[in-house]
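J.: Submitted below is the structure of interest, expressed as structure tokens.
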Amino acid sequence: MSQQRQVYGHHIGGEWTDGSGSETFASENPATGEELARFRRATATDVDAALAAAEDAVDEWRSLSHIDRAEYLWDIYHELRDRTEELGEIVTKECGKEISEGRADVIEAYHMVEWAAANARHPHGDVIPSEIASKDAYMRRKPRGVVGCVTPWNFPVAIPFWHMAIALVEGNTVVWKPAEQTPWCGQIIAEMFADAGVPDGVFNMIQGFGDAGAAITDDERVDTVLFTGSAEVGHEIASKVGGEPGKLAACEMGGKNGIIVADDADLDVAVHSAVMSSFKTTGQRCVSSERLIVHEDVYDEFTERFVDIAEDVTVGDPLDEDTFMGPAIEADHVEKIHRHNELAREEGAEVLVDRAKLGDEEIPAGHEDGAAAAADGERSGSFANGHWVGPFVYEIDYDPDLRCLKEECFGPHVALLKYSGGMDRALEIHNDTNYGLAGAIISEDYRKIHRFRDEAEIGLAYANLPCIGAEVHLPFGGVKQSGNGYPSAREVIEAVTERTAFTLNNSTDIEMAQGLSADITTGDD
């Protein structure tokens, strides 16, 4: 007799529930196509129940002190630390990141929880000098209420805690929808909140697709939306929320990120940084670099060295410690990457590395390529096979009208652009994109570095480093089409709280600022 697989549901109002719908969906391993677990797909009724529970819990939760609220998170912090190896492997199995990245995802999560919980004991608000000696002036923060969180698949543990840890410590309640590609990680996080004994309705999770996320972000009961994901969805959310008085959205979206390699660059640092920025997470980071802007004096040597590594970088089983690149997240995304590669060819690129369609010998045993297997009619059973793609590197003459230099691929798709002249030209090319998330400069000249810091149109700037990676106590977000806020760390406090300016008169007389008369005159005067 076959064993029936458990189907996981939602966490609403402190209870586990199957919800009102009958439709389910699977979490799949992108390296093999294996089904990992199955989940209930939320309906509008389920989202309504989660929002009602969050709204009902607001007053009780905000009445607690910051420190009391943070105590619940300390339990989660310790569980994340204790289970780092186990959860890192689950991250790798579910989203395909190689194992060191899977562990780093969990470590980043507990660093974020640590920062948020510890911040509860730090000063909140300000004491501000009044121009009237007998007055005290303060600025205090209050929670906004219900926070709707929608998070992506590529950091399925870290980014949810970017959003939720601060929101909860600051006194808000949360309704969260994990990415449909990584519901297993979402389930485990929800179990942690349940085990920590967070009061009913303070934390709510619903599993589902974009319709469920839209139902959360569009609802009038949501006071703040925190979103990390694609530019297309983020702009739609920001546009809708912008038309609703009193409602806020902080959205961190994609990028077409660039690295400037100056004429005085240390090429060891430059090549290392570029490889990390372009190929880590198989290029599936919002901060991944798809444009390498290299000075003509070092272009030939840099290109030779970068290409040599791109031709040989290890693509393989993400659970293998020696793997550098794992699979892409899903078959549709592999096809999207191929379309971007073909677009570059059509626009005149000279292809230097084309490992986009990996040979059979490059794919680990038991992880057959899904597209190839489908073409050969070899798919069978519950295995859809892996979603494999390798580096694609090309050089092309810079032209501001090239789509391949404008549109985000979100994969290991890298353009090499030669420039001549000084920083004016390098920055012109670097800034010529509608995005503005991350970028780096490789240079030994502090003047060039500081100019890049000040004039690069990005939210995250790096020098002599890859343009990936984030420390949780720094704001993470972009400008232009890459974002309208910072849904993480210190800066997210701005989105999940409201300021109240409070002035107290310690005198029995009323004296006004700016010399305004406080005298009241009447007709008898």
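Naming scheme: A, B, ... for chains in displayed order of the structure tokens; residues 1 onward per chain; ligands 1 onward as shown.
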Phe476 in chain A: which residues within 8 Å, counting only C-alpha atoms, same-chain residues fewer than 5 positions away excluded, as a PyMOL selection string?

T.: chain A and resi 252+459-460+470+486-489

J.: Just the selected residues (C-alpha atoms), exported as a PDB file, in the first residue's frame, please.

T.:
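Output saved as part.pdb:
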```pdb
ATOM      1  CA  GLU A 252      13.066  46.145  -3.184  1.00  0.00           C
ATOM      2  CA  GLY A 459      21.453  52.009  -3.375  1.00  0.00           C
ATOM      3  CA  LEU A 460      24.262  49.525  -2.655  1.00  0.00           C
ATOM      4  CA  ALA A 470      24.803  42.295   2.617  1.00  0.00           C
ATOM      5  CA  TYR A 486      14.282  49.573   2.142  1.00  0.00           C
ATOM      6  CA  PRO A 487      12.297  46.599   3.466  1.00  0.00           C
ATOM      7  CA  SER A 488      15.089  45.427   5.779  1.00  0.00           C
ATOM      8  CA  ALA A 489      17.265  46.276   8.760  1.00  0.00           C
TER       9      ALA A 489
END
```

J.: Write out as a PDB file with all heavy atoms, in the first residue's frame the residues lying within 9 Å of Phe203 in chain A, counting only C-alpha atoms and excluding same-chain residues fewer than 2 positions away.

T.:
```
ATOM      1  N   HIS A  11      -0.976  28.932   8.389  1.00  0.00           N
ATOM      2  CA  HIS A  11      -0.991  29.230   9.825  1.00  0.00           C
ATOM      3  C   HIS A  11      -1.724  30.550  10.006  1.00  0.00           C
ATOM      4  O   HIS A  11      -1.222  31.621   9.644  1.00  0.00           O
ATOM      5  CB  HIS A  11       0.426  29.323  10.373  1.00  0.00           C
ATOM      6  CG  HIS A  11       0.481  29.310  11.869  1.00  0.00           C
ATOM      7  ND1 HIS A  11       0.551  30.445  12.626  1.00  0.00           N
ATOM      8  CD2 HIS A  11       0.448  28.273  12.751  1.00  0.00           C
ATOM      9  CE1 HIS A  11       0.576  30.135  13.917  1.00  0.00           C
ATOM     10  NE2 HIS A  11       0.513  28.819  14.014  1.00  0.00           N
ATOM     11  N   ILE A  12      -2.932  30.483  10.551  1.00  0.00           N
ATOM     12  CA  ILE A  12      -3.812  31.648  10.655  1.00  0.00           C
ATOM     13  C   ILE A  12      -4.372  31.724  12.067  1.00  0.00           C
ATOM     14  O   ILE A  12      -4.943  30.745  12.579  1.00  0.00           O
ATOM     15  CB  ILE A  12      -4.974  31.552   9.643  1.00  0.00           C
ATOM     16  CG1 ILE A  12      -4.436  31.539   8.206  1.00  0.00           C
ATOM     17  CG2 ILE A  12      -5.952  32.706   9.834  1.00  0.00           C
ATOM     18  CD1 ILE A  12      -5.493  31.311   7.142  1.00  0.00           C
ATOM     19  N   GLY A  13      -4.202  32.874  12.707  1.00  0.00           N
ATOM     20  CA  GLY A  13      -4.781  33.079  14.027  1.00  0.00           C
ATOM     21  C   GLY A  13      -4.294  32.084  15.074  1.00  0.00           C
ATOM     22  O   GLY A  13      -5.034  31.719  15.982  1.00  0.00           O
ATOM     23  N   GLY A  14      -3.048  31.650  14.936  1.00  0.00           N
ATOM     24  CA  GLY A  14      -2.494  30.707  15.905  1.00  0.00           C
ATOM     25  C   GLY A  14      -2.829  29.256  15.652  1.00  0.00           C
ATOM     26  O   GLY A  14      -2.465  28.392  16.445  1.00  0.00           O
ATOM     27  N   ALA A  50      -6.766  35.443   7.465  1.00  0.00           N
ATOM     28  CA  ALA A  50      -5.464  35.815   8.011  1.00  0.00           C
ATOM     29  C   ALA A  50      -5.414  37.303   8.351  1.00  0.00           C
ATOM     30  O   ALA A  50      -4.893  37.703   9.406  1.00  0.00           O
ATOM     31  CB  ALA A  50      -4.363  35.463   7.022  1.00  0.00           C
ATOM     32  N   ALA A  53      -7.447  37.978  11.477  1.00  0.00           N
ATOM     33  CA  ALA A  53      -6.730  37.562  12.678  1.00  0.00           C
ATOM     34  C   ALA A  53      -5.652  38.574  13.037  1.00  0.00           C
ATOM     35  O   ALA A  53      -5.465  38.903  14.226  1.00  0.00           O
ATOM     36  CB  ALA A  53      -6.116  36.178  12.456  1.00  0.00           C
ATOM     37  N   ALA A  54      -4.931  39.059  12.033  1.00  0.00           N
ATOM     38  CA  ALA A  54      -3.875  40.043  12.292  1.00  0.00           C
ATOM     39  C   ALA A  54      -4.457  41.337  12.831  1.00  0.00           C
ATOM     40  O   ALA A  54      -3.903  41.953  13.757  1.00  0.00           O
ATOM     41  CB  ALA A  54      -3.093  40.302  11.002  1.00  0.00           C
ATOM     42  N   MET A 164      10.005  40.600   8.616  1.00  0.00           N
ATOM     43  CA  MET A 164       9.117  40.348   9.746  1.00  0.00           C
ATOM     44  C   MET A 164       9.740  40.623  11.100  1.00  0.00           C
ATOM     45  O   MET A 164       9.026  40.998  12.040  1.00  0.00           O
ATOM     46  CB  MET A 164       8.617  38.908   9.690  1.00  0.00           C
ATOM     47  CG  MET A 164       7.763  38.624   8.465  1.00  0.00           C
ATOM     48  SD  MET A 164       6.932  37.018   8.521  1.00  0.00           S
ATOM     49  CE  MET A 164       8.323  35.885   8.428  1.00  0.00           C
ATOM     50  N   LEU A 168       7.652  42.979  13.691  1.00  0.00           N
ATOM     51  CA  LEU A 168       7.060  42.412  14.906  1.00  0.00           C
ATOM     52  C   LEU A 168       7.598  43.080  16.168  1.00  0.00           C
ATOM     53  O   LEU A 168       6.826  43.412  17.078  1.00  0.00           O
ATOM     54  CB  LEU A 168       7.313  40.907  14.947  1.00  0.00           C
ATOM     55  CG  LEU A 168       6.552  40.096  13.895  1.00  0.00           C
ATOM     56  CD1 LEU A 168       7.099  38.674  13.818  1.00  0.00           C
ATOM     57  CD2 LEU A 168       5.055  40.065  14.211  1.00  0.00           C
ATOM     58  N   THR A 173       1.507  43.490  13.591  1.00  0.00           N
ATOM     59  CA  THR A 173       1.204  42.101  13.288  1.00  0.00           C
ATOM     60  C   THR A 173       1.460  41.856  11.809  1.00  0.00           C
ATOM     61  O   THR A 173       1.560  42.800  11.019  1.00  0.00           O
ATOM     62  CB  THR A 173      -0.256  41.758  13.649  1.00  0.00           C
ATOM     63  OG1 THR A 173      -1.139  42.587  12.888  1.00  0.00           O
ATOM     64  CG2 THR A 173      -0.514  41.964  15.138  1.00  0.00           C
ATOM     65  N   VAL A 174       1.578  40.589  11.435  1.00  0.00           N
ATOM     66  CA  VAL A 174       2.091  40.245  10.109  1.00  0.00           C
ATOM     67  C   VAL A 174       1.210  39.212   9.430  1.00  0.00           C
ATOM     68  O   VAL A 174       0.742  38.252  10.074  1.00  0.00           O
ATOM     69  CB  VAL A 174       3.532  39.698  10.230  1.00  0.00           C
ATOM     70  CG1 VAL A 174       3.962  38.957   8.976  1.00  0.00           C
ATOM     71  CG2 VAL A 174       4.510  40.831  10.529  1.00  0.00           C
ATOM     72  N   VAL A 175       0.990  39.409   8.136  1.00  0.00           N
ATOM     73  CA  VAL A 175       0.466  38.368   7.244  1.00  0.00           C
ATOM     74  C   VAL A 175       1.499  38.186   6.140  1.00  0.00           C
ATOM     75  O   VAL A 175       1.819  39.137   5.426  1.00  0.00           O
ATOM     76  CB  VAL A 175      -0.901  38.732   6.653  1.00  0.00           C
ATOM     77  CG1 VAL A 175      -1.378  37.637   5.693  1.00  0.00           C
ATOM     78  CG2 VAL A 175      -1.931  38.947   7.755  1.00  0.00           C
ATOM     79  N   TRP A 176       1.993  36.963   6.028  1.00  0.00           N
ATOM     80  CA  TRP A 176       3.130  36.682   5.142  1.00  0.00           C
ATOM     81  C   TRP A 176       2.772  35.631   4.114  1.00  0.00           C
ATOM     82  O   TRP A 176       2.191  34.599   4.443  1.00  0.00           O
ATOM     83  CB  TRP A 176       4.310  36.197   5.991  1.00  0.00           C
ATOM     84  CG  TRP A 176       5.480  35.653   5.219  1.00  0.00           C
ATOM     85  CD1 TRP A 176       6.086  36.197   4.138  1.00  0.00           C
ATOM     86  CD2 TRP A 176       6.194  34.440   5.507  1.00  0.00           C
ATOM     87  NE1 TRP A 176       7.147  35.412   3.732  1.00  0.00           N
ATOM     88  CE2 TRP A 176       7.226  34.327   4.550  1.00  0.00           C
ATOM     89  CE3 TRP A 176       6.063  33.450   6.483  1.00  0.00           C
ATOM     90  CZ2 TRP A 176       8.120  33.245   4.543  1.00  0.00           C
ATOM     91  CZ3 TRP A 176       6.948  32.382   6.477  1.00  0.00           C
ATOM     92  CH2 TRP A 176       7.969  32.291   5.520  1.00  0.00           C
ATOM     93  N   ALA A 190       7.130  29.116   9.786  1.00  0.00           N
ATOM     94  CA  ALA A 190       5.858  29.205  10.508  1.00  0.00           C
ATOM     95  C   ALA A 190       5.855  28.288  11.729  1.00  0.00           C
ATOM     96  O   ALA A 190       5.321  28.651  12.796  1.00  0.00           O
ATOM     97  CB  ALA A 190       4.703  28.863   9.571  1.00  0.00           C
ATOM     98  N   PHE A 193       7.603  30.053  14.576  1.00  0.00           N
ATOM     99  CA  PHE A 193       6.768  31.043  15.247  1.00  0.00           C
ATOM    100  C   PHE A 193       5.744  30.362  16.156  1.00  0.00           C
ATOM    101  O   PHE A 193       5.484  30.828  17.271  1.00  0.00           O
ATOM    102  CB  PHE A 193       6.071  31.931  14.224  1.00  0.00           C
ATOM    103  CG  PHE A 193       6.907  33.075  13.741  1.00  0.00           C
ATOM    104  CD1 PHE A 193       7.574  33.025  12.533  1.00  0.00           C
ATOM    105  CD2 PHE A 193       7.044  34.220  14.516  1.00  0.00           C
ATOM    106  CE1 PHE A 193       8.355  34.078  12.087  1.00  0.00           C
ATOM    107  CE2 PHE A 193       7.819  35.292  14.089  1.00  0.00           C
ATOM    108  CZ  PHE A 193       8.483  35.218  12.875  1.00  0.00           C
ATOM    109  N   ALA A 194       5.180  29.265  15.685  1.00  0.00           N
ATOM    110  CA  ALA A 194       4.215  28.542  16.512  1.00  0.00           C
ATOM    111  C   ALA A 194       4.890  27.990  17.764  1.00  0.00           C
ATOM    112  O   ALA A 194       4.353  28.096  18.876  1.00  0.00           O
ATOM    113  CB  ALA A 194       3.579  27.421  15.702  1.00  0.00           C
ATOM    114  N   VAL A 198       4.211  32.719  19.931  1.00  0.00           N
ATOM    115  CA  VAL A 198       3.756  34.066  19.575  1.00  0.00           C
ATOM    116  C   VAL A 198       2.240  34.131  19.692  1.00  0.00           C
ATOM    117  O   VAL A 198       1.534  33.210  19.250  1.00  0.00           O
ATOM    118  CB  VAL A 198       4.207  34.403  18.131  1.00  0.00           C
ATOM    119  CG1 VAL A 198       3.615  35.715  17.661  1.00  0.00           C
ATOM    120  CG2 VAL A 198       5.726  34.452  18.067  1.00  0.00           C
ATOM    121  N   PRO A 199       1.684  35.154  20.314  1.00  0.00           N
ATOM    122  CA  PRO A 199       0.225  35.217  20.523  1.00  0.00           C
ATOM    123  C   PRO A 199      -0.559  35.049  19.223  1.00  0.00           C
ATOM    124  O   PRO A 199      -0.111  35.444  18.137  1.00  0.00           O
ATOM    125  CB  PRO A 199       0.028  36.622  21.108  1.00  0.00           C
ATOM    126  CG  PRO A 199       1.318  36.925  21.799  1.00  0.00           C
ATOM    127  CD  PRO A 199       2.380  36.296  20.952  1.00  0.00           C
ATOM    128  N   ASP A 200      -1.730  34.461  19.359  1.00  0.00           N
ATOM    129  CA  ASP A 200      -2.572  34.162  18.198  1.00  0.00           C
ATOM    130  C   ASP A 200      -2.817  35.413  17.353  1.00  0.00           C
ATOM    131  O   ASP A 200      -3.158  36.475  17.881  1.00  0.00           O
ATOM    132  CB  ASP A 200      -3.924  33.600  18.665  1.00  0.00           C
ATOM    133  CG  ASP A 200      -3.796  32.266  19.367  1.00  0.00           C
ATOM    134  OD1 ASP A 200      -2.683  31.708  19.372  1.00  0.00           O
ATOM    135  OD2 ASP A 200      -4.812  31.789  19.920  1.00  0.00           O
ATOM    136  N   GLY A 201      -2.648  35.264  16.065  1.00  0.00           N
ATOM    137  CA  GLY A 201      -2.943  36.342  15.136  1.00  0.00           C
ATOM    138  C   GLY A 201      -1.804  37.311  14.899  1.00  0.00           C
ATOM    139  O   GLY A 201      -1.874  38.113  13.951  1.00  0.00           O
ATOM    140  N   MET A 205       0.668  33.043   8.226  1.00  0.00           N
ATOM    141  CA  MET A 205       1.279  32.667   6.955  1.00  0.00           C
ATOM    142  C   MET A 205       0.257  31.978   6.080  1.00  0.00           C
ATOM    143  O   MET A 205      -0.453  31.076   6.535  1.00  0.00           O
ATOM    144  CB  MET A 205       2.455  31.716   7.173  1.00  0.00           C
ATOM    145  CG  MET A 205       3.102  31.261   5.857  1.00  0.00           C
ATOM    146  SD  MET A 205       3.977  29.693   5.977  1.00  0.00           S
ATOM    147  CE  MET A 205       2.633  28.542   6.259  1.00  0.00           C
TER     148      MET A 205
END
```

J.: Can you tell me, as a PyMOL selection string, what residues are no more than 9 Å from Ala104 in chain A when counting only C-alpha atoms, ignoring any on the same chain fewer than 5 positions away?

T.: chain A and resi 84+88+99+109+158

J.: Take the residues from that selection and put them in a file with N, CA and C atoms, as a compact mmCIF listing (two decimals), in the first residue's frame.

T.:
```
# COMPACT_ATOMS: atom_id res chain seq x y z
N THR A 84 21.16 25.28 11.82
CA THR A 84 21.73 25.89 10.62
C THR A 84 22.07 24.85 9.56
N GLY A 88 20.04 24.78 6.21
CA GLY A 88 20.82 25.13 5.03
C GLY A 88 20.66 24.10 3.92
N ILE A 99 25.51 24.62 -1.36
CA ILE A 99 25.28 24.41 0.07
C ILE A 99 25.85 25.52 0.95
N ALA A 109 19.62 34.98 8.29
CA ALA A 109 18.33 35.08 8.98
C ALA A 109 18.53 35.26 10.48
N ALA A 158 16.26 34.08 4.81
CA ALA A 158 16.79 35.38 5.23
C ALA A 158 15.80 36.52 5.01
```

J.: Mind checking DSSP for range 15-183 of chain A and telling me the strand (DSSP E) residues as a VMD selection string?

T.: chain A and resid 15 to 17 24 to 28 35 to 40 126 to 128 135 to 143 146 to 150 173 to 177

J.: Give me the residues near Lys336 in chain A as a ChimeraX atom specification, where near means some atom within 9 Å (using only C-alpha atoms) and where sequence neighbours in that chain fewer than 4 positions away do not count.

T.: /A:331-332,340-341,409-411

J.: I need the chosen residues saved as a PDB file, in the first residue's frame, with C-alpha atoms.

T.:
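This is the output file result21.pdb:
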```pdb
ATOM      1  CA  ALA A 331      12.107  25.311 -16.291  1.00  0.00           C
ATOM      2  CA  ASP A 332      10.385  28.570 -17.273  1.00  0.00           C
ATOM      3  CA  HIS A 340      18.101  36.784 -23.110  1.00  0.00           C
ATOM      4  CA  ASN A 341      21.149  35.002 -24.502  1.00  0.00           C
ATOM      5  CA  CYS A 409      18.034  38.474 -17.152  1.00  0.00           C
ATOM      6  CA  PHE A 410      18.383  37.170 -13.569  1.00  0.00           C
ATOM      7  CA  GLY A 411      20.807  34.484 -14.613  1.00  0.00           C
TER       8      GLY A 411
END
```

J.: Closest to Tyr435 in chain A among A:Arg305, A:His295, A:Arg451, A:Lys480, using only C-alpha atoms?

T.: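 Among the listed residues, A:Lys480 lies closest to Tyr435 in chain A.
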
J.: Quick one: residues within 12 Å of range 427-429 of chain A, only C-alpha atoms, excluding same-chain residues fewer than 6 positions away - as a ChimeraX atom specification?

T.: /A:256-262,291-295,397-402,405-406,416-421,439-441,448-449,451-458

J.: Any chance you could export the current selection's N, CA, C and O atoms as a compact mmCIF listing (two decimals), in the first residue's frame?

T.:
```txt
# COMPACT_ATOMS: atom_id res chain seq x y z
N LYS A 256 20.03 45.77 -13.01
CA LYS A 256 20.91 45.44 -14.14
C LYS A 256 22.28 45.97 -13.72
O LYS A 256 22.79 46.96 -14.22
N ASN A 257 22.86 45.27 -12.76
CA ASN A 257 23.97 45.80 -11.99
C ASN A 257 25.28 45.74 -12.77
O ASN A 257 25.50 44.85 -13.60
N GLY A 258 26.15 46.70 -12.48
CA GLY A 258 27.42 46.80 -13.18
C GLY A 258 28.61 46.87 -12.26
O GLY A 258 28.51 47.31 -11.10
N ILE A 259 29.76 46.44 -12.77
CA ILE A 259 31.04 46.58 -12.08
C ILE A 259 31.97 47.36 -12.99
O ILE A 259 32.17 46.99 -14.16
N ILE A 260 32.54 48.44 -12.48
CA ILE A 260 33.55 49.20 -13.21
C ILE A 260 34.92 48.68 -12.81
O ILE A 260 35.28 48.66 -11.62
N VAL A 261 35.69 48.26 -13.80
CA VAL A 261 37.08 47.85 -13.59
C VAL A 261 37.95 48.96 -14.16
O VAL A 261 38.07 49.11 -15.39
N ALA A 262 38.54 49.76 -13.28
CA ALA A 262 39.30 50.93 -13.71
C ALA A 262 40.68 50.54 -14.24
O ALA A 262 41.13 49.40 -14.09
N ARG A 291 26.71 43.31 -16.11
CA ARG A 291 27.49 44.22 -16.96
C ARG A 291 28.85 44.44 -16.31
O ARG A 291 28.92 44.88 -15.15
N LEU A 292 29.92 44.14 -17.04
CA LEU A 292 31.28 44.39 -16.58
C LEU A 292 31.88 45.47 -17.48
O LEU A 292 32.05 45.27 -18.68
N ILE A 293 32.15 46.63 -16.90
CA ILE A 293 32.56 47.83 -17.63
C ILE A 293 34.05 48.01 -17.38
O ILE A 293 34.46 48.44 -16.29
N VAL A 294 34.87 47.67 -18.38
CA VAL A 294 36.31 47.47 -18.17
C VAL A 294 37.11 48.46 -19.01
O VAL A 294 36.89 48.60 -20.22
N HIS A 295 38.07 49.11 -18.37
CA HIS A 295 38.91 50.09 -19.08
C HIS A 295 39.75 49.39 -20.14
O HIS A 295 40.25 48.28 -19.95
N ASP A 397 29.84 46.21 -28.20
CA ASP A 397 30.09 47.65 -28.15
C ASP A 397 28.93 48.33 -27.46
O ASP A 397 27.75 48.08 -27.79
N TYR A 398 29.25 49.21 -26.54
CA TYR A 398 28.19 49.91 -25.81
C TYR A 398 27.33 50.74 -26.74
O TYR A 398 27.83 51.47 -27.59
N ASP A 399 26.04 50.59 -26.58
CA ASP A 399 25.05 51.39 -27.31
C ASP A 399 23.87 51.57 -26.37
O ASP A 399 23.34 50.58 -25.85
N PRO A 400 23.46 52.80 -26.13
CA PRO A 400 22.39 53.03 -25.15
C PRO A 400 21.05 52.41 -25.55
O PRO A 400 20.15 52.32 -24.72
N ASP A 401 20.91 51.98 -26.81
CA ASP A 401 19.64 51.42 -27.26
C ASP A 401 19.59 49.89 -27.19
O ASP A 401 18.56 49.30 -27.54
N LEU A 402 20.65 49.26 -26.74
CA LEU A 402 20.67 47.79 -26.72
C LEU A 402 19.81 47.25 -25.58
O LEU A 402 20.04 47.56 -24.41
N LEU A 405 21.52 45.18 -22.77
CA LEU A 405 22.19 45.92 -21.70
C LEU A 405 21.20 46.63 -20.79
O LEU A 405 21.61 47.25 -19.80
N LYS A 406 19.92 46.53 -21.09
CA LYS A 406 18.90 47.24 -20.32
C LYS A 406 18.03 46.31 -19.48
O LYS A 406 17.62 46.65 -18.38
N LEU A 416 30.48 42.04 -21.41
CA LEU A 416 31.74 42.76 -21.23
C LEU A 416 31.73 44.00 -22.11
O LEU A 416 31.50 43.91 -23.33
N LEU A 417 31.96 45.16 -21.50
CA LEU A 417 31.89 46.44 -22.19
C LEU A 417 33.22 47.17 -22.00
O LEU A 417 33.63 47.45 -20.88
N LYS A 418 33.90 47.47 -23.09
CA LYS A 418 35.18 48.19 -23.03
C LYS A 418 34.91 49.70 -23.04
O LYS A 418 34.08 50.18 -23.81
N TYR A 419 35.62 50.42 -22.15
CA TYR A 419 35.51 51.88 -22.19
C TYR A 419 36.89 52.50 -22.22
O TYR A 419 37.88 51.91 -21.79
N SER A 420 36.96 53.70 -22.73
CA SER A 420 38.19 54.47 -22.73
C SER A 420 37.92 55.79 -22.02
O SER A 420 36.78 56.21 -21.86
N GLY A 421 39.01 56.45 -21.61
CA GLY A 421 38.83 57.72 -20.90
C GLY A 421 38.78 57.51 -19.41
O GLY A 421 39.25 56.51 -18.87
N GLY A 439 26.17 47.95 -7.34
CA GLY A 439 27.29 48.07 -8.26
C GLY A 439 28.59 48.13 -7.50
O GLY A 439 28.62 48.30 -6.28
N ALA A 440 29.69 47.97 -8.23
CA ALA A 440 31.01 47.98 -7.59
C ALA A 440 32.02 48.67 -8.50
O ALA A 440 31.84 48.76 -9.71
N ILE A 441 33.07 49.16 -7.87
CA ILE A 441 34.23 49.67 -8.60
C ILE A 441 35.47 48.95 -8.09
O ILE A 441 35.61 48.72 -6.88
N LYS A 448 38.75 57.86 -7.41
CA LYS A 448 37.78 57.17 -8.26
C LYS A 448 36.75 56.43 -7.41
O LYS A 448 35.55 56.42 -7.71
N ILE A 449 37.21 55.81 -6.36
CA ILE A 449 36.31 55.07 -5.47
C ILE A 449 35.27 56.00 -4.87
O ILE A 449 34.07 55.71 -4.86
N ARG A 451 34.33 58.91 -5.96
CA ARG A 451 33.44 59.45 -6.98
C ARG A 451 32.35 58.43 -7.34
O ARG A 451 31.19 58.78 -7.52
N PHE A 452 32.75 57.17 -7.44
CA PHE A 452 31.76 56.12 -7.69
C PHE A 452 30.73 56.08 -6.56
O PHE A 452 29.52 56.02 -6.80
N ARG A 453 31.21 56.12 -5.33
CA ARG A 453 30.30 56.13 -4.17
C ARG A 453 29.27 57.25 -4.28
O ARG A 453 28.09 57.05 -3.98
N ASP A 454 29.72 58.43 -4.71
CA ASP A 454 28.85 59.60 -4.71
C ASP A 454 27.99 59.73 -5.96
O ASP A 454 26.90 60.30 -5.91
N GLU A 455 28.46 59.20 -7.12
CA GLU A 455 27.77 59.47 -8.38
C GLU A 455 27.13 58.25 -9.03
O GLU A 455 26.32 58.40 -9.95
N ALA A 456 27.46 57.05 -8.59
CA ALA A 456 26.78 55.88 -9.12
C ALA A 456 25.33 55.89 -8.63
O ALA A 456 25.08 56.10 -7.44
N GLU A 457 24.41 55.69 -9.54
CA GLU A 457 22.98 55.80 -9.21
C GLU A 457 22.47 54.45 -8.72
O GLU A 457 21.75 53.72 -9.40
N ILE A 458 22.85 54.13 -7.49
CA ILE A 458 22.55 52.82 -6.89
C ILE A 458 22.32 52.98 -5.40
O ILE A 458 22.77 53.96 -4.79
```

J.: So, counting only C-alpha atoms, which residue among A:Ile128, A:Val472, A:Ala274, A:Val492 is closest to Ala415 in chain A?

T.: A:Ala274

J.: Of the candidates A:Asp46, A:Asp195, A:Asp136, A:Glu85, which one gets nearest to Asp105 in chain A if we count only C-alpha atoms?

T.: A:Glu85

J.: Residues at most 8 Å from Cys404 in chain A, counting only C-alpha atoms, excluding those fewer than 5 positions away in the same chain, as a ChimeraX atom specification?

T.: /A:340,343-344,347

J.: Point out the residue among A:Glu60, A:Glu330, A:Glu244, A:Asp308 with the least atom-to-atom distance to Asn29 in chain A, counting only C-alpha atoms.

T.: A:Glu330

J.: Considering only C-alpha atoms, can you say which of A:Asp211, A:Asp126, A:Glu494, A:Glu180 comes closest to Ile329 in chain A?

T.: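 For Ile329 in chain A, the nearest of the candidates is A:Glu180.
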
J.: May I ask for the distance between CA of Ile396 in chain A and CA of Ala349 in chain A, given in Å to one decimal place?

T.: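 Straight-line distance from CA of Ile396 in chain A to CA of Ala349 in chain A works out to 4.9 Å.
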